[in-house]
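For reference, the structure discussed in these notes is given below.
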Amino acid sequence: MKPLVAIVGRPNVGKSMLFNRLVGKRLSIVEDTPGVTRDRLYAECDWNGREFNIVDTGGIEPNTDNEILLFMREQAKIAIDTADVIVLVTDINTGVTAADMDVATMLLKSKKPVVLAVNKMDSIGRENPDIYEFYSLGVGDPIAVSAVHGHGTGDLLDACVSYFPPEDFEDEEDETIKVAIIGKPNVGKSSLTNQILGEKRVIVSNIAGTTRDAVDSYHENEFGKYMFIDTAGIRKKSKVDDRIEKYSVMRAQLAVERADVCVIMIDAREGVTEQDTKVAGMAHDAGKASIIVVNKWDLIEKDGKTMDKMREEVRRDLSYMPYAPILFISAMTGQRVNKLFEIINAVNENSSMRITTGQLNNILQDATARVQPPTDKGRRLKIYYVTQTGIRPPCFVFFCNDARLFHFSYQRYLENQIRAVYGLEGTPIKIIVRQKGEKE
């Protein structure tokens, strides 16, 4: 595993802005409202050739009885427990506060290396003498940084890297499957993540919109290695008036882009809603291997036909993804959650399957002999050959005499013939048609 750097501190000292500056992307939501970053947010980072992961945490409020703030504190604690190095962010404008002292005490107890960043040192030139006050925290030399302008971030990263374990300790984690759990709000995404991880990784609350960031959680079991990305619930556009919510939808889209497999969650009590079709469409359009998970199955009154009926409804409403397997689970009780891993492995493998040109052309010959290619005004479609050009999703290029004759229905027929031989359950297939003489 790559080393992990955790950014912690009390609310509104600029942790998320510093996180974004170090990562070089706008991943963390930056707003002036305390408590915007609620869950932990991870990203990959690189400094002078050393790769590491960095985690942004919610602000630690040491003494609070607010449920969300308490939870943020718990989240920060989990990040501290798993980190190799902790960056304590403070604010030059407020000086050392009692809350800073409390956070520093909490960090000293963790016995982890701590790097002290004094943020908002935005002016260049003479150093502000107020920085010396931060020695009183007892966690080492303060490093002056400006998250807004980027000053001092190099010194900060040098200090972090000096605490990393030697590189030969890091093993490659290529076989980790990245799984994005997507769905509309309150469908049980966070409950599923927590059920899988066996710990409270993600805030579970009946308040829609509690999960704002896409949160990464690493998990290893007898089935393999996984990185679960629990995403903010994707709402109808009209309901996304809150700016923070808007970022969350963007973040869910980014999570889909990063994922190898998308788990699309549907509430068994509501069936497939219009919103679900949009969420599933995101995964389908991105060409991701997908699994449809019907959650809260424990709350449904059943007879012998309930599951078949529900399966038919899902197939009808998500007719554009007939390839996606359907699994009925309960994230609360854990019913059939283990089965999910086998399906994730299978669809992940299918989406990166390679088929040789020889085998593909045998399928093509059989298929065209069985159903003649279409004709138009006496001109018949001739398909010369087919080859696979990509994976995730499998992409096939058909070379023919006239692309206009290659109707969509015939494309679908050929796709079904390939699927009949190779299965390819769980992954979409991309078909490109090229006609003779056309430039690549």
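By convention in this document, the chains of the structure tokens carry letters A, B, ... by their order, each chain's residues are numbered from 1, and ligands are numbered from 1 in the order they are shown.
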
Within range 314-382 of chain A, find each residue whose DSSP state, derived from the backbone, is alpha helix (DSSP H), and express the selection as a ChimeraX atom specification. /A:314-317,337-351,357-370

Near Glu270 in chain A, counting only C-alpha atoms, which residues have an atom at most 12 Å away, once you skip same-chain residues fewer than 4 positions from it, shown as a ChimeraX atom specification? /A:184,186-187,265-266,274-276,294-297,299-300,310,313-314

Which residue gives the smallest distance to Leu192 in chain A among A:Pro325, A:Gly423, A:Gly334, A:Gly150, with only C-alpha atoms counted? A:Gly334

Between A:Ile143, A:Ala331, A:Val96, A:Val89, single out the one closest to Ser16 in chain A, counting only C-alpha atoms.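 Looking at the shortest contact to Ser16 in chain A, the residue is A:Val89.
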
For Ala259 in chain A, work out the shell of residues within 8 Å, counting only C-alpha atoms and skipping chain neighbours fewer than 4 positions away, then give it as a ChimeraX atom specification. /A:177-180,229,255,288

Output for the residues just chosen: all heavy atoms as a JSON list (two decimals), in the first residue's frame:
```
[["chain", "number", "residue", "atom", "x", "y", "z"],
["A", 177, "ILE", "N", -9.70, -3.83, -7.31],
["A", 177, "ILE", "CA", -10.82, -3.44, -8.19],
["A", 177, "ILE", "C", -11.50, -2.22, -7.58],
["A", 177, "ILE", "O", -11.89, -2.23, -6.41],
["A", 177, "ILE", "CB", -11.84, -4.60, -8.31],
["A", 177, "ILE", "CG1", -11.16, -5.86, -8.87],
["A", 177, "ILE", "CG2", -13.02, -4.20, -9.20],
["A", 177, "ILE", "CD1", -12.06, -7.10, -8.87],
["A", 178, "LYS", "N", -11.63, -1.15, -8.37],
["A", 178, "LYS", "CA", -12.30, 0.07, -7.87],
["A", 178, "LYS", "C", -13.80, -0.05, -8.15],
["A", 178, "LYS", "O", -14.21, -0.21, -9.30],
["A", 178, "LYS", "CB", -11.74, 1.31, -8.56],
["A", 178, "LYS", "CG", -10.29, 1.60, -8.21],
["A", 178, "LYS", "CD", -9.94, 3.02, -8.66],
["A", 178, "LYS", "CE", -8.49, 3.35, -8.42],
["A", 178, "LYS", "NZ", -7.60, 2.81, -9.46],
["A", 179, "VAL", "N", -14.59, 0.03, -7.08],
["A", 179, "VAL", "CA", -16.05, -0.16, -7.20],
["A", 179, "VAL", "C", -16.76, 1.11, -6.74],
["A", 179, "VAL", "O", -16.60, 1.54, -5.60],
["A", 179, "VAL", "CB", -16.51, -1.34, -6.31],
["A", 179, "VAL", "CG1", -18.01, -1.59, -6.51],
["A", 179, "VAL", "CG2", -15.72, -2.60, -6.61],
["A", 180, "ALA", "N", -17.52, 1.74, -7.64],
["A", 180, "ALA", "CA", -18.32, 2.92, -7.26],
["A", 180, "ALA", "C", -19.73, 2.47, -6.93],
["A", 180, "ALA", "O", -20.35, 1.75, -7.71],
["A", 180, "ALA", "CB", -18.34, 3.93, -8.39],
["A", 229, "ILE", "N", -15.91, 3.11, -3.48],
["A", 229, "ILE", "CA", -16.13, 4.56, -3.54],
["A", 229, "ILE", "C", -17.61, 4.77, -3.26],
["A", 229, "ILE", "O", -18.46, 4.44, -4.08],
["A", 229, "ILE", "CB", -15.76, 5.11, -4.93],
["A", 229, "ILE", "CG1", -14.37, 4.62, -5.37],
["A", 229, "ILE", "CG2", -15.83, 6.62, -4.96],
["A", 229, "ILE", "CD1", -14.07, 4.85, -6.84],
["A", 255, "ALA", "N", -16.47, 9.77, -9.72],
["A", 255, "ALA", "CA", -16.31, 8.44, -9.11],
["A", 255, "ALA", "C", -16.60, 7.36, -10.14],
["A", 255, "ALA", "O", -15.89, 6.36, -10.23],
["A", 255, "ALA", "CB", -17.24, 8.29, -7.91],
["A", 288, "LYS", "N", -19.01, 1.44, -18.27],
["A", 288, "LYS", "CA", -18.50, 0.72, -17.10],
["A", 288, "LYS", "C", -19.21, -0.61, -16.89],
["A", 288, "LYS", "O", -20.42, -0.71, -17.12],
["A", 288, "LYS", "CB", -18.70, 1.57, -15.83],
["A", 288, "LYS", "CG", -17.95, 2.89, -15.87],
["A", 288, "LYS", "CD", -16.45, 2.68, -15.88],
["A", 288, "LYS", "CE", -15.70, 3.99, -16.02],
["A", 288, "LYS", "NZ", -14.26, 3.82, -15.99]]
```

Which neighbours of Asn350 in chain A fall inside 6 Å, counting only C-alpha atoms, when residues of the same chain fewer than 3 positions from it are skipped, and could you give them as a ChimeraX atom specification? /A:347,353,424

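The residue set within 8 Å of Ala147 in chain A, counting only C-alpha atoms and dropping same-chain residues fewer than 4 places from it, reads Gly14, Met17, Leu18, Arg21, Asn119, Lys120, His151 and Thr153 of chain A.
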
Contacts of Thr82 in chain A at 10 Å (only C-alpha atoms; same-chain gap of 4+ positions) as a ChimeraX atom specification: /A:3-6,77-78,86,112

Just to be explicit: take each residue in the selection above, keep N, CA, C and O atoms, and write the result as a compact mmCIF listing (two decimals), in the first residue's frame.
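Dumped to out.txt:
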```
# COMPACT_ATOMS: atom_id res chain seq x y z
N PRO A 3 2.02 5.04 1.06
CA PRO A 3 1.89 5.76 2.34
C PRO A 3 0.66 6.67 2.31
O PRO A 3 0.26 7.14 1.23
N LEU A 4 0.10 6.94 3.49
CA LEU A 4 -1.11 7.77 3.58
C LEU A 4 -0.82 8.99 4.45
O LEU A 4 -0.31 8.87 5.56
N VAL A 5 -1.15 10.18 3.90
CA VAL A 5 -1.00 11.44 4.64
C VAL A 5 -2.40 11.94 4.98
O VAL A 5 -3.24 12.07 4.09
N ALA A 6 -2.67 12.20 6.27
CA ALA A 6 -3.99 12.71 6.67
C ALA A 6 -3.88 14.19 7.00
O ALA A 6 -2.96 14.61 7.70
N LYS A 77 -10.66 10.62 13.26
CA LYS A 77 -9.91 9.69 14.11
C LYS A 77 -9.52 8.44 13.32
O LYS A 77 -8.40 7.95 13.40
N ILE A 78 -10.46 7.93 12.49
CA ILE A 78 -10.15 6.75 11.66
C ILE A 78 -9.01 7.10 10.69
O ILE A 78 -8.09 6.32 10.49
N ILE A 86 0.67 12.74 9.68
CA ILE A 86 -0.50 13.61 9.87
C ILE A 86 -0.06 15.06 9.69
O ILE A 86 0.94 15.49 10.26
N LYS A 112 1.91 9.22 16.12
CA LYS A 112 2.24 9.26 14.69
C LYS A 112 3.08 10.50 14.41
O LYS A 112 2.94 11.50 15.12
```

Rank A:Gly183, A:Ile429, A:Tyr413, A:Asp298 by their smallest atom-to-atom distance to Phe396 in chain A, using only C-alpha atoms, and report the top residue only.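 The closest residue to Phe396 in chain A is A:Ile429.
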
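Among A:Ala99, A:Cys400, A:Ile291, A:Glu415, the residue with the shortest atom-to-atom distance to Arg10 in chain A, counting only C-alpha atoms, is A:Ala99.
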
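Using only C-alpha atoms, the nearest neighbour of Asp285 in chain A within the list A:Gln253, A:Gln435, A:Thr333, A:Thr357 is A:Gln253.
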
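Nearest residue to Leu318 in chain A, choosing from A:Ile264, A:Met121, A:Leu364, A:Val371 and counting only C-alpha atoms: A:Ile264.
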
Which value, in Å to one decimal, gives the distance between CA of Ile60 in chain A and CA of Pro11 in chain A?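 Atom-to-atom, CA of Ile60 in chain A to CA of Pro11 in chain A, that is 6.4 Å.
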
Please compute the CA of Pro373 in chain A-CA of Leu405 in chain A distance, one decimal, in Å.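 Computed distance, CA of Pro373 in chain A to CA of Leu405 in chain A, equals 8.6 Å.
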